[in-house]
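File shown: model-v3.csv. Contents: CSV, C-alpha atoms.
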chain,number,residue,atom,x,y,z
A,722,MET,CA,-7.8,-0.6,-10.0
A,723,LEU,CA,-4.1,-1.3,-10.6
A,724,THR,CA,-2.1,-0.3,-7.5
A,725,VAL,CA,1.6,0.2,-7.0
A,726,VAL,CA,3.1,0.2,-3.5
A,727,LEU,CA,6.8,1.2,-3.1
A,728,VAL,CA,8.7,0.9,0.2
A,729,ALA,CA,12.1,2.4,0.2
A,730,LYS,CA,14.8,3.2,2.7
A,731,ILE,CA,16.4,6.6,2.1
A,732,LYS,CA,20.1,7.4,2.4
A,733,PRO,CA,20.8,9.0,5.9
A,734,GLY,CA,20.7,12.8,5.7
A,735,LEU,CA,18.6,13.0,2.6
A,736,GLU,CA,15.2,12.6,4.3
A,737,GLN,CA,14.2,16.3,4.0
A,738,GLN,CA,15.2,16.5,0.3
A,739,PHE,CA,13.4,13.3,-0.4
A,740,GLU,CA,10.2,14.5,1.3
A,741,ALA,CA,10.3,17.8,-0.7
A,742,GLN,CA,10.7,16.0,-4.0
A,743,ILE,CA,8.1,13.3,-3.4
A,744,ALA,CA,5.6,15.9,-2.2
A,745,ARG,CA,6.3,17.8,-5.5
A,746,LEU,CA,5.9,14.6,-7.6
A,747,SER,CA,2.6,13.8,-5.8
A,748,GLN,CA,1.2,17.2,-6.6
A,749,LEU,CA,2.2,16.9,-10.2
A,750,VAL,CA,0.6,13.5,-10.5
A,751,ARG,CA,-2.6,14.8,-9.0
A,752,ALA,CA,-2.7,17.8,-11.2
A,753,ASN,CA,-1.9,16.1,-14.5
A,754,GLU,CA,-3.0,12.4,-14.4
A,755,PRO,CA,-6.7,11.9,-14.4
A,756,GLY,CA,-6.1,8.1,-14.6
A,757,CYS,CA,-4.3,8.1,-11.2
A,758,LYS,CA,-7.1,8.1,-8.7
A,759,LEU,CA,-5.0,8.2,-5.5
A,760,VAL,CA,-1.4,9.1,-4.9
A,761,GLN,CA,-0.2,9.1,-1.3
A,762,TRP,CA,3.1,8.9,0.5
A,763,GLY,CA,4.0,8.5,4.1
A,764,VAL,CA,6.8,7.9,6.6
A,765,SER,CA,7.1,4.4,8.0
A,766,GLU,CA,7.4,3.4,11.6
A,767,THR,CA,10.8,2.0,10.5
A,768,PRO,CA,13.1,5.0,10.7
A,769,GLY,CA,14.3,6.4,7.3
A,770,THR,CA,11.8,4.3,5.4
A,771,TYR,CA,9.1,5.8,3.2
A,772,VAL,CA,6.0,4.4,1.5
A,773,PHE,CA,4.5,5.6,-1.8
A,774,TYR,CA,1.3,4.3,-3.3
A,775,GLU,CA,-0.6,5.0,-6.4
A,776,ARG,CA,-3.9,3.7,-7.7
A,777,PHE,CA,-4.5,3.7,-11.4
A,778,VAL,CA,-7.7,3.1,-13.2
A,779,ASP,CA,-6.1,0.7,-15.7
A,780,ARG,CA,-2.7,-0.3,-17.3
A,781,ALA,CA,-2.9,2.5,-19.8
A,782,ALA,CA,-3.0,5.0,-16.9
A,783,LEU,CA,0.1,3.4,-15.4
A,784,GLU,CA,1.9,3.6,-18.7
A,785,ALA,CA,0.9,7.2,-19.1
A,786,HIS,CA,2.3,7.8,-15.6
A,787,ARG,CA,5.6,6.3,-16.6
A,788,ALA,CA,5.8,8.4,-19.7
A,789,ALA,CA,4.9,11.7,-18.0
A,790,PRO,CA,7.5,14.5,-17.9
A,791,HIS,CA,7.3,14.9,-14.1
A,792,GLU,CA,7.9,11.2,-13.6
A,793,LYS,CA,10.8,11.2,-16.1
A,794,GLU,CA,12.3,14.1,-14.2
A,795,LEU,CA,11.7,13.2,-10.6
A,796,GLY,CA,11.7,9.4,-10.8
A,797,PRO,CA,15.5,9.0,-11.3
A,798,LEU,CA,16.2,11.9,-8.8
A,799,LEU,CA,14.2,10.0,-6.1
A,800,ALA,CA,15.7,6.7,-7.0
A,801,ASP,CA,19.2,8.1,-6.5
A,802,MET,CA,18.2,8.7,-2.8
A,803,PHE,CA,17.2,5.1,-2.2
A,804,ASP,CA,19.5,3.2,0.2
A,805,GLY,CA,19.5,-0.2,-1.4
A,806,ALA,CA,16.8,-1.7,-3.6
A,807,PRO,CA,13.2,-0.7,-2.8
A,808,THR,CA,10.4,-3.1,-2.5
A,809,ILE,CA,7.9,-2.6,-5.3
A,810,VAL,CA,4.6,-4.5,-5.5
A,811,ARG,CA,2.1,-4.1,-8.3
A,812,PHE,CA,-1.3,-5.6,-7.8
A,813,ILE,CA,-4.8,-5.7,-9.1
A,814,GLU,CA,-7.5,-4.7,-6.6
A,815,ARG,CA,-10.1,-7.4,-6.2
A,816,ASP,CA,-12.2,-5.9,-3.4
B,1008,MET,CA,-4.0,8.7,8.3
B,1009,LEU,CA,-2.3,5.6,9.7
B,1010,THR,CA,-1.9,3.0,7.0
B,1011,VAL,CA,-1.0,-0.6,7.1
B,1012,VAL,CA,0.2,-2.5,4.0
B,1013,LEU,CA,0.7,-6.3,4.2
B,1014,VAL,CA,2.2,-8.3,1.4
B,1015,ALA,CA,2.0,-12.1,1.9
B,1016,LYS,CA,2.7,-15.2,-0.2
B,1017,ILE,CA,0.0,-17.8,0.3
B,1018,LYS,CA,0.6,-21.6,0.5
B,1019,PRO,CA,0.0,-23.2,-2.9
B,1020,GLY,CA,-3.5,-24.5,-3.3
B,1021,LEU,CA,-5.0,-22.2,-0.6
B,1022,GLU,CA,-5.5,-19.2,-2.9
B,1023,GLN,CA,-9.3,-19.6,-3.3
B,1024,GLN,CA,-9.8,-20.2,0.4
B,1025,PHE,CA,-7.7,-17.2,1.2
B,1026,GLU,CA,-9.6,-15.0,-1.2
B,1027,ALA,CA,-12.9,-16.0,0.3
B,1028,GLN,CA,-11.8,-15.2,3.8
B,1029,ILE,CA,-10.1,-12.0,3.1
B,1030,ALA,CA,-13.1,-10.8,1.2
B,1031,ARG,CA,-15.2,-11.6,4.2
B,1032,LEU,CA,-12.8,-9.8,6.5
B,1033,SER,CA,-12.9,-6.7,4.3
B,1034,GLN,CA,-16.7,-6.6,4.3
B,1035,LEU,CA,-16.8,-7.0,8.1
B,1036,VAL,CA,-14.2,-4.2,8.6
B,1037,ARG,CA,-16.2,-1.9,6.3
B,1038,ALA,CA,-19.5,-2.7,8.1
B,1039,ASN,CA,-18.2,-2.4,11.6
B,1040,GLU,CA,-15.2,0.0,11.8
B,1041,PRO,CA,-16.0,3.7,11.2
B,1042,GLY,CA,-12.3,4.5,12.0
B,1043,CYS,CA,-11.1,2.4,9.0
B,1044,LYS,CA,-11.5,4.7,6.0
B,1045,LEU,CA,-10.3,2.2,3.4
B,1046,VAL,CA,-9.8,-1.5,3.3
B,1047,GLN,CA,-8.7,-3.0,0.1
B,1048,TRP,CA,-7.1,-6.2,-1.0
B,1049,GLY,CA,-5.7,-7.4,-4.3
B,1050,VAL,CA,-3.6,-10.0,-6.1
B,1051,SER,CA,0.0,-9.1,-7.0
B,1052,GLU,CA,1.6,-9.6,-10.3
B,1053,THR,CA,3.9,-12.0,-8.4
B,1054,PRO,CA,2.0,-15.3,-8.5
B,1055,GLY,CA,0.5,-16.5,-5.2
B,1056,THR,CA,1.1,-13.1,-3.6
B,1057,TYR,CA,-1.6,-10.9,-2.1
B,1058,VAL,CA,-1.7,-7.3,-0.9
B,1059,PHE,CA,-3.9,-6.0,1.8
B,1060,TYR,CA,-4.1,-2.4,2.9
B,1061,GLU,CA,-6.1,-0.4,5.4
B,1062,ARG,CA,-6.2,3.3,6.2
B,1063,PHE,CA,-7.2,4.2,9.8
B,1064,VAL,CA,-8.1,7.7,11.0
B,1065,ASP,CA,-5.8,7.4,14.0
B,1066,ARG,CA,-4.0,4.9,16.3
B,1067,ALA,CA,-7.1,4.3,18.4
B,1068,ALA,CA,-8.9,3.1,15.2
B,1069,LEU,CA,-6.0,0.7,14.5
B,1070,GLU,CA,-6.2,-0.6,18.1
B,1071,ALA,CA,-10.0,-1.0,17.8
B,1072,HIS,CA,-9.4,-3.0,14.6
B,1073,ARG,CA,-7.0,-5.3,16.4
B,1074,ALA,CA,-9.5,-5.9,19.2
B,1075,ALA,CA,-12.5,-6.4,16.9
B,1076,PRO,CA,-14.2,-9.9,17.0
B,1077,HIS,CA,-13.9,-10.4,13.2
B,1078,GLU,CA,-10.2,-9.6,13.3
B,1079,LYS,CA,-9.6,-12.0,16.2
B,1080,GLU,CA,-11.5,-14.7,14.3
B,1081,LEU,CA,-10.2,-14.2,10.8
B,1082,GLY,CA,-6.7,-12.8,11.5
B,1083,PRO,CA,-5.1,-16.1,12.7
B,1084,LEU,CA,-7.0,-18.1,10.1
B,1085,LEU,CA,-5.5,-15.9,7.3
B,1086,ALA,CA,-2.1,-16.0,8.9
B,1087,ASP,CA,-2.1,-19.8,8.9
B,1088,MET,CA,-2.3,-19.6,5.1
B,1089,PHE,CA,0.8,-17.4,4.8
B,1090,ASP,CA,3.8,-19.1,3.1
B,1091,GLY,CA,6.6,-17.7,5.2
B,1092,ALA,CA,6.6,-14.3,7.0
B,1093,PRO,CA,4.6,-11.5,5.4
B,1094,THR,CA,6.0,-8.0,4.8
B,1095,ILE,CA,4.0,-5.6,7.0
B,1096,VAL,CA,4.6,-1.8,6.8
B,1097,ARG,CA,2.8,0.7,9.0
B,1098,PHE,CA,3.2,4.3,8.0
B,1099,ILE,CA,1.8,7.8,8.7
B,1100,GLU,CA,0.5,9.5,5.6
B,1101,ARG,CA,2.1,12.8,5.0
B,1102,ASP,CA,0.5,13.9,1.8
How would this structure read if it were set down as structure tokens?
Amino acid sequence: MLTVVLVAKIKPGLEQQFEAQIARLSQLVRANEPGCKLVQWGVSETPGTYVFYERFVDRAALEAHRAAPHEKELGPLLADMFDGAPTIVRFIERD
Amino acid sequence: MLTVVLVAKIKPGLEQQFEAQIARLSQLVRANEPGCKLVQWGVSETPGTYVFYERFVDRAALEAHRAAPHEKELGPLLADMFDGAPTIVRFIERD
């Protein structure tokens, strides 16, 4: 399983808007990407910081995700709300 | 669900030892902690960097994890192999 974890601080005041859009993206991924086995987001204990993680069956599923219309639409919209560069870690699950 | 993601760089040369111990910890968590619904580790695309994540049903399950004998034994042993401070994010899953 190829997993992506993203940790991002959101610009103050945009939290509700961010939550609405990331919830929408999560639903679209679940409905349209059979190669994405888990998509989950949450709010960190660090104020204003969010975590998003996705588990893909393989690299092709990750590429399909990047090319999907919902990702192309909502990805840049979410990125515009980031307060500074997010932390993104891609990793291969071993166990 | 209360989730913890840890991203740590490991001291060069200790990768195999780290992998053996984190695999052992993962097995012990799965066998002994019903409140931990997922424990997973993997190797990042950034060389020498590992990711560990755990999903707990609630805060009590996280506290039980911290107090467990296997965590008390293996936690410090793993931490000694970290090359610098790890990134640790605790978050509440929203969706």
Straight-line distance linking CA of Gln748 in chain A with CA of Ile1095 in chain B, stated in Å to one decimal: 26.7 Å
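With all atoms listed in the file as the basis for measurement, A:Phe803 is the residue among A:Phe812, A:Phe803, A:Trp762, A:Tyr774 that approaches Gly734 in chain A most closely.
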Chain A residues near chain B within 10 Å, closest pair each, using all atoms listed in the file, as a Markdown table:
| residue | atom | partner | partner_atom | distance |
| --- | --- | --- | --- | --- |
| A:Met722 | CA | B:Gly1049 | CA | 9.1 |
| A:Leu723 | CA | B:Gly1049 | CA | 8.9 |
| A:Thr724 | CA | B:Gly1049 | CA | 8.6 |
| A:Val725 | CA | B:Ser1051 | CA | 9.4 |
| A:Val726 | CA | B:Val1012 | CA | 8.5 |
| A:Val728 | CA | B:Val1096 | CA | 8.2 |
| A:Glu740 | CA | B:Arg1101 | CA | 9.1 |
| A:Ile743 | CA | B:Asp1102 | CA | 9.2 |
| A:Ala744 | CA | B:Asp1102 | CA | 6.8 |
| A:Ser747 | CA | B:Asp1102 | CA | 7.9 |
| A:Gln748 | CA | B:Asp1102 | CA | 9.1 |
| A:Val760 | CA | B:Asp1102 | CA | 8.5 |
| A:Gln761 | CA | B:Asp1102 | CA | 5.8 |
| A:Trp762 | CA | B:Glu1100 | CA | 5.8 |
| A:Gly763 | CA | B:Glu1100 | CA | 3.9 |
| A:Val764 | CA | B:Phe1098 | CA | 5.3 |
| A:Ser765 | CA | B:Phe1098 | CA | 3.9 |
| A:Glu766 | CA | B:Phe1098 | CA | 5.6 |
| A:Thr767 | CA | B:Val1096 | CA | 8.2 |
| A:Thr770 | CA | B:Phe1098 | CA | 9.0 |
| A:Tyr771 | CA | B:Phe1098 | CA | 7.8 |
| A:Val772 | CA | B:Phe1098 | CA | 7.1 |
| A:Phe773 | CA | B:Glu1100 | CA | 9.3 |
| A:Thr808 | CA | B:Thr1094 | CA | 9.8 |
| A:Val810 | CA | B:Ser1051 | CA | 6.7 |
| A:Arg811 | CA | B:Ser1051 | CA | 5.6 |
| A:Phe812 | CA | B:Ser1051 | CA | 3.8 |
| A:Ile813 | CA | B:Gly1049 | CA | 5.2 |
| A:Glu814 | CA | B:Gly1049 | CA | 4.0 |
| A:Arg815 | CA | B:Gly1049 | CA | 4.8 |
| A:Asp816 | CA | B:Trp1048 | CA | 5.6 |
Between CA of Ile1017 in chain B and CA of Leu1081 in chain B, what distance in Å does the model show, to one decimal? 15.1 Å
Taking 4 positions as the minimum chain separation for residues in the same chain, which residues sit within 9 Å of Leu1032 in chain B when counting all atoms listed in the file? Answer as a ChimeraX atom specification. /B:1027-1028,1036-1037,1077-1078,1081-1082
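Across the structure, CA of Phe1025 in chain B and CA of Glu1080 in chain B are spaced 13.9 Å apart.
For the set B:Ala1075, B:Leu1084, B:Arg1066, B:Glu1061, the residue with the smallest atom-to-atom gap to Leu1013 in chain B is B:Glu1061, counting only C-alpha atoms.
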Excluding Ala1068 in chain B and its own-chain neighbours fewer than 3 positions away, which residues fall within 9 Å of it when counting all atoms listed in the file? Please give them as a PDB file with C-alpha atoms, in the frame of the given file.
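Saved file part.pdb follows:
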ATOM      1  CA  LEU B1009      -2.300   5.600   9.700  1.00  0.00           C
ATOM      2  CA  GLU B1040     -15.200   0.000  11.800  1.00  0.00           C
ATOM      3  CA  PRO B1041     -16.000   3.700  11.200  1.00  0.00           C
ATOM      4  CA  GLY B1042     -12.300   4.500  12.000  1.00  0.00           C
ATOM      5  CA  CYS B1043     -11.100   2.400   9.000  1.00  0.00           C
ATOM      6  CA  PHE B1063      -7.200   4.200   9.800  1.00  0.00           C
ATOM      7  CA  VAL B1064      -8.100   7.700  11.000  1.00  0.00           C
ATOM      8  CA  ASP B1065      -5.800   7.400  14.000  1.00  0.00           C
ATOM      9  CA  ALA B1071     -10.000  -1.000  17.800  1.00  0.00           C
ATOM     10  CA  HIS B1072      -9.400  -3.000  14.600  1.00  0.00           C
ATOM     11  CA  ARG B1073      -7.000  -5.300  16.400  1.00  0.00           C
TER      12      ARG B1073
END
Model the absent atoms of range 753-778 of chain A so that N, CA and C atoms are present, and write the result as a PDB file, in the frame of the given file.
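Below is the file selection_38.pdb, written as the result:
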ATOM      1  N   ASN A 753      -2.005  16.361 -13.072  1.00  0.00           N
ATOM      2  CA  ASN A 753      -1.900  16.100 -14.500  1.00  0.00           C
ATOM      3  C   ASN A 753      -2.284  14.681 -14.951  1.00  0.00           C
ATOM      4  N   GLU A 754      -2.647  13.801 -13.999  1.00  0.00           N
ATOM      5  CA  GLU A 754      -3.000  12.400 -14.400  1.00  0.00           C
ATOM      6  C   GLU A 754      -4.360  12.024 -13.940  1.00  0.00           C
ATOM      7  N   PRO A 755      -5.340  12.248 -14.798  1.00  0.00           N
ATOM      8  CA  PRO A 755      -6.700  11.900 -14.400  1.00  0.00           C
ATOM      9  C   PRO A 755      -6.872  10.360 -14.190  1.00  0.00           C
ATOM     10  N   GLY A 756      -5.972   9.555 -14.770  1.00  0.00           N
ATOM     11  CA  GLY A 756      -6.100   8.100 -14.600  1.00  0.00           C
ATOM     12  C   GLY A 756      -5.447   7.596 -13.317  1.00  0.00           C
ATOM     13  N   CYS A 757      -4.859   8.501 -12.535  1.00  0.00           N
ATOM     14  CA  CYS A 757      -4.300   8.100 -11.200  1.00  0.00           C
ATOM     15  C   CYS A 757      -5.295   8.617 -10.169  1.00  0.00           C
ATOM     16  N   LYS A 758      -6.025   7.683  -9.562  1.00  0.00           N
ATOM     17  CA  LYS A 758      -7.100   8.100  -8.700  1.00  0.00           C
ATOM     18  C   LYS A 758      -6.662   8.354  -7.246  1.00  0.00           C
ATOM     19  N   LEU A 759      -5.476   7.869  -6.870  1.00  0.00           N
ATOM     20  CA  LEU A 759      -5.000   8.200  -5.500  1.00  0.00           C
ATOM     21  C   LEU A 759      -3.442   8.115  -5.596  1.00  0.00           C
ATOM     22  N   VAL A 760      -2.805   9.150  -5.075  1.00  0.00           N
ATOM     23  CA  VAL A 760      -1.400   9.100  -4.900  1.00  0.00           C
ATOM     24  C   VAL A 760      -1.092   9.574  -3.479  1.00  0.00           C
ATOM     25  N   GLN A 761      -0.355   8.808  -2.756  1.00  0.00           N
ATOM     26  CA  GLN A 761      -0.200   9.100  -1.300  1.00  0.00           C
ATOM     27  C   GLN A 761       1.219   8.643  -0.932  1.00  0.00           C
ATOM     28  N   TRP A 762       1.827   9.392  -0.046  1.00  0.00           N
ATOM     29  CA  TRP A 762       3.100   8.900   0.500  1.00  0.00           C
ATOM     30  C   TRP A 762       3.124   9.163   1.979  1.00  0.00           C
ATOM     31  N   GLY A 763       3.997   8.418   2.639  1.00  0.00           N
ATOM     32  CA  GLY A 763       4.000   8.500   4.100  1.00  0.00           C
ATOM     33  C   GLY A 763       5.358   8.016   4.623  1.00  0.00           C
ATOM     34  N   VAL A 764       5.538   8.265   5.913  1.00  0.00           N
ATOM     35  CA  VAL A 764       6.800   7.900   6.600  1.00  0.00           C
ATOM     36  C   VAL A 764       6.470   6.650   7.464  1.00  0.00           C
ATOM     37  N   SER A 765       7.279   5.614   7.260  1.00  0.00           N
ATOM     38  CA  SER A 765       7.100   4.400   8.000  1.00  0.00           C
ATOM     39  C   SER A 765       7.455   4.469   9.425  1.00  0.00           C
ATOM     40  N   GLU A 766       6.962   3.520  10.216  1.00  0.00           N
ATOM     41  CA  GLU A 766       7.400   3.400  11.600  1.00  0.00           C
ATOM     42  C   GLU A 766       8.840   2.937  11.695  1.00  0.00           C
ATOM     43  N   THR A 767       9.356   2.358  10.606  1.00  0.00           N
ATOM     44  CA  THR A 767      10.800   2.000  10.500  1.00  0.00           C
ATOM     45  C   THR A 767      11.561   3.206  10.118  1.00  0.00           C
ATOM     46  N   PRO A 768      12.470   3.699  10.965  1.00  0.00           N
ATOM     47  CA  PRO A 768      13.100   5.000  10.700  1.00  0.00           C
ATOM     48  C   PRO A 768      13.796   5.025   9.287  1.00  0.00           C
ATOM     49  N   GLY A 769      13.652   6.173   8.639  1.00  0.00           N
ATOM     50  CA  GLY A 769      14.300   6.400   7.300  1.00  0.00           C
ATOM     51  C   GLY A 769      13.607   5.701   6.179  1.00  0.00           C
ATOM     52  N   THR A 770      12.445   5.083   6.439  1.00  0.00           N
ATOM     53  CA  THR A 770      11.800   4.300   5.400  1.00  0.00           C
ATOM     54  C   THR A 770      10.463   5.014   5.006  1.00  0.00           C
ATOM     55  N   TYR A 771      10.225   5.069   3.718  1.00  0.00           N
ATOM     56  CA  TYR A 771       9.100   5.800   3.200  1.00  0.00           C
ATOM     57  C   TYR A 771       8.203   4.808   2.360  1.00  0.00           C
ATOM     58  N   VAL A 772       6.926   5.134   2.286  1.00  0.00           N
ATOM     59  CA  VAL A 772       6.000   4.400   1.500  1.00  0.00           C
ATOM     60  C   VAL A 772       5.323   5.304   0.496  1.00  0.00           C
ATOM     61  N   PHE A 773       5.135   4.806  -0.713  1.00  0.00           N
ATOM     62  CA  PHE A 773       4.500   5.600  -1.800  1.00  0.00           C
ATOM     63  C   PHE A 773       3.492   4.689  -2.422  1.00  0.00           C
ATOM     64  N   TYR A 774       2.249   5.116  -2.546  1.00  0.00           N
ATOM     65  CA  TYR A 774       1.300   4.300  -3.300  1.00  0.00           C
ATOM     66  C   TYR A 774       0.421   5.039  -4.206  1.00  0.00           C
ATOM     67  N   GLU A 775       0.110   4.397  -5.315  1.00  0.00           N
ATOM     68  CA  GLU A 775      -0.600   5.000  -6.400  1.00  0.00           C
ATOM     69  C   GLU A 775      -1.665   4.041  -6.918  1.00  0.00           C
ATOM     70  N   ARG A 776      -2.873   4.523  -7.120  1.00  0.00           N
ATOM     71  CA  ARG A 776      -3.900   3.700  -7.700  1.00  0.00           C
ATOM     72  C   ARG A 776      -4.309   4.213  -9.064  1.00  0.00           C
ATOM     73  N   PHE A 777      -4.185   3.353 -10.059  1.00  0.00           N
ATOM     74  CA  PHE A 777      -4.500   3.700 -11.400  1.00  0.00           C
ATOM     75  C   PHE A 777      -5.758   3.016 -11.923  1.00  0.00           C
ATOM     76  N   VAL A 778      -6.495   3.700 -12.776  1.00  0.00           N
ATOM     77  CA  VAL A 778      -7.700   3.100 -13.200  1.00  0.00           C
ATOM     78  C   VAL A 778      -7.489   1.871 -14.112  1.00  0.00           C
TER      79      VAL A 778
END
